[in-house]
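J.: Sending over a structure as structure tokens; questions will come in a sec.
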Amino acid sequence: MENLTRTPREQRTQRDGRVSARGALFILCCLAALLASVPRPAVSAGAAGNGAIRGRVDVRRVVTPMERRPGVADLGTPPGRGMPDLRRSVVYLESAPRGAFEPSEAGRAVMDQRNETFVPHVLAITTGTTVDFPNSDKFYHNVFSLSKAARFDLGRYAAGRLRSIRFDRPGIVRVFCDIHSHMSAFILVFSHPFFALSDAEGRYHIENVPPGTYGVIAWNEGTSSEPKAVTVPDRSLVELDFTLR
């Protein structure tokens, strides 16, 4: 009876409103279904709970650099010579957590040749990293290694030049110069990212370590400590010191 009392225009307006309401409801339902079907990024079960290991490496043994071999240039004024930093150590997990290593883009690092010294004296990298060896001296250098992890000879190259090599196998690489016998350095290549280079005071910090129990090793100038067992709880920072004699 109510519709009979309304004009045709009012009845059309009421019908249009009902159609619009049903259309809006239909669109909302479609949007909800679409959002539910969009795949969400997977979240690692333990990624948010990773911890860290930090501490100090106390190097008590006496470490001396190799004695410089005299050269023809010494007939005049002996050239200035840099001194390698022999106190820096590398601390690393003996083995990587299962499934924790995520492949990443190949990295790049630099080991300069400056004042007849490799700078830095110790380099820690992951496999797949390319190391550049620029010559910042005013004379020739010839970088080479006979290590099992990497055997190479970059040949002689002049000041201002740069040569590179990629390290694909884990291990310790001893680097020398074929022209200057007193020049040497170390490159530690790891198959996982759980390592750290200590600072000048021996402090180190290994970040993003998944919860678990690990063996941790400290290395300095070819000498390694015995593995120390440490348990990293969920979202915790663990202190671990070393003494190398």
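Ordered as shown in the structure tokens, chains take letters A, B, and onward, while each chain numbers its residues from 1 and ligands are numbered from 1 in the order shown.
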Could the residues of stretch 118-199 of chain A that have an atom at most 12 Å from stretch 216-232 of chain A be listed as a Markdown table, each with its closest atom pair and the distance in Å to one decimal, counting only C-alpha atoms and ordered by chain and ascending residue number?
T.:
| residue | atom | partner | partner_atom | distance |
| --- | --- | --- | --- | --- |
| A:His121 | CA | A:Glu221 | CA | 9.6 |
| A:Val122 | CA | A:Glu221 | CA | 8.5 |
| A:Leu123 | CA | A:Glu221 | CA | 11.6 |
| A:Ala124 | CA | A:Trp219 | CA | 11.0 |
| A:Gly171 | CA | A:Gly222 | CA | 11.8 |
| A:Ile172 | CA | A:Gly222 | CA | 8.7 |
| A:Val173 | CA | A:Gly222 | CA | 10.3 |
| A:Arg174 | CA | A:Gly222 | CA | 9.4 |
| A:Ser184 | CA | A:Glu221 | CA | 10.7 |
| A:Ala185 | CA | A:Glu221 | CA | 9.0 |
| A:Phe186 | CA | A:Glu221 | CA | 7.8 |
| A:Ile187 | CA | A:Glu221 | CA | 10.7 |
| A:Leu188 | CA | A:Trp219 | CA | 9.7 |
| A:Phe194 | CA | A:Val216 | CA | 9.8 |
| A:Phe195 | CA | A:Val216 | CA | 9.3 |
| A:Ala196 | CA | A:Ala218 | CA | 9.7 |
| A:Leu197 | CA | A:Trp219 | CA | 9.6 |
| A:Ser198 | CA | A:Ala218 | CA | 9.8 |
J.: Could the residues in this selection be saved with N, CA and C atoms as a JSON list (two decimals), in the first residue's frame?
T.:
[["chain", "number", "residue", "atom", "x", "y", "z"],
["A", 121, "HIS", "N", 96.18, -6.11, 6.50],
["A", 121, "HIS", "CA", 97.02, -7.29, 6.61],
["A", 121, "HIS", "C", 96.18, -8.56, 6.68],
["A", 122, "VAL", "N", 94.97, -8.46, 7.23],
["A", 122, "VAL", "CA", 94.05, -9.59, 7.33],
["A", 122, "VAL", "C", 92.71, -9.20, 6.74],
["A", 123, "LEU", "N", 92.19, -10.07, 5.89],
["A", 123, "LEU", "CA", 90.90, -9.84, 5.25],
["A", 123, "LEU", "C", 90.04, -11.08, 5.47],
["A", 124, "ALA", "N", 88.79, -10.90, 5.87],
["A", 124, "ALA", "CA", 87.85, -12.01, 6.06],
["A", 124, "ALA", "C", 86.69, -11.81, 5.10],
["A", 171, "GLY", "N", 88.78, -21.42, 3.01],
["A", 171, "GLY", "CA", 90.11, -21.77, 3.50],
["A", 171, "GLY", "C", 90.91, -20.53, 3.82],
["A", 172, "ILE", "N", 92.17, -20.73, 4.22],
["A", 172, "ILE", "CA", 93.07, -19.64, 4.55],
["A", 172, "ILE", "C", 94.05, -19.46, 3.40],
["A", 173, "VAL", "N", 94.11, -18.24, 2.88],
["A", 173, "VAL", "CA", 94.97, -17.93, 1.74],
["A", 173, "VAL", "C", 96.09, -17.01, 2.21],
["A", 174, "ARG", "N", 97.31, -17.46, 2.05],
["A", 174, "ARG", "CA", 98.48, -16.63, 2.39],
["A", 174, "ARG", "C", 98.92, -15.90, 1.13],
["A", 184, "SER", "N", 103.53, -9.77, 3.18],
["A", 184, "SER", "CA", 102.65, -10.93, 3.30],
["A", 184, "SER", "C", 101.33, -10.49, 3.93],
["A", 185, "ALA", "N", 100.29, -11.29, 3.69],
["A", 185, "ALA", "CA", 98.98, -11.00, 4.24],
["A", 185, "ALA", "C", 98.17, -12.29, 4.27],
["A", 186, "PHE", "N", 97.01, -12.23, 4.93],
["A", 186, "PHE", "CA", 96.11, -13.38, 5.02],
["A", 186, "PHE", "C", 94.72, -13.00, 4.52],
["A", 187, "ILE", "N", 94.12, -13.93, 3.79],
["A", 187, "ILE", "CA", 92.71, -13.80, 3.42],
["A", 187, "ILE", "C", 92.00, -15.05, 3.90],
["A", 188, "LEU", "N", 91.05, -14.89, 4.82],
["A", 188, "LEU", "CA", 90.27, -16.03, 5.33],
["A", 188, "LEU", "C", 88.94, -16.06, 4.58],
["A", 194, "PHE", "N", 79.08, -16.09, 9.38],
["A", 194, "PHE", "CA", 79.14, -15.96, 10.84],
["A", 194, "PHE", "C", 80.60, -15.84, 11.30],
["A", 195, "PHE", "N", 81.17, -14.67, 11.05],
["A", 195, "PHE", "CA", 82.55, -14.39, 11.46],
["A", 195, "PHE", "C", 82.68, -12.89, 11.66],
["A", 196, "ALA", "N", 83.78, -12.49, 12.32],
["A", 196, "ALA", "CA", 84.01, -11.06, 12.56],
["A", 196, "ALA", "C", 85.51, -10.82, 12.70],
["A", 197, "LEU", "N", 85.95, -9.67, 12.25],
["A", 197, "LEU", "CA", 87.33, -9.23, 12.41],
["A", 197, "LEU", "C", 87.41, -8.32, 13.61],
["A", 198, "SER", "N", 88.35, -8.58, 14.48],
["A", 198, "SER", "CA", 88.45, -7.77, 15.70],
["A", 198, "SER", "C", 89.01, -6.39, 15.37]]
J.: Please list as a list of chain:residue names every residue within 7 Å of A:Ile125, counting only C-alpha atoms and excluding residues in the same chain fewer than 4 positions away.
T.: A:Thr129, A:Leu188, A:Val189, A:Phe190
J.: Contacts of A:Leu240 at 7 Å or less, counting only C-alpha atoms, minus same-chain residues fewer than 6 places along, as a ChimeraX atom specification?
T.: /A:53-55
J.: Would you mind telling me which residue in A:His180, A:Arg163, A:Arg60, A:Arg88 lies nearest to A:His141 when using only C-alpha atoms?
T.: A:His180
J.: Could you tell me which of A:Val57, A:Asp168, A:Asp137, A:Cys177 comes closest to A:Gly155 if we count only C-alpha atoms?
T.: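 Among the listed residues, A:Cys177 lies closest to A:Gly155.
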J.: Find, counting only C-alpha atoms, the residue in A:Gly107, A:Met183, A:Asn142, A:Asn50 that gets nearest to A:Asp234.
T.: A:Asn50
J.: For A:Thr130, which residue out of A:Leu146, A:Thr213, A:Thr117, A:Glu105 is the nearest one, using only C-alpha atoms?
T.: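 Once distances to A:Thr130 are computed over only C-alpha atoms, the minimum belongs to A:Glu105.
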J.: In terms of the shortest atom-to-atom distance over only C-alpha atoms, which of A:Arg151, A:Arg61, A:His182, A:Arg114 is closest to A:Arg166?
T.: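 Ranked by minimum distance to A:Arg166, first place goes to A:Arg151.
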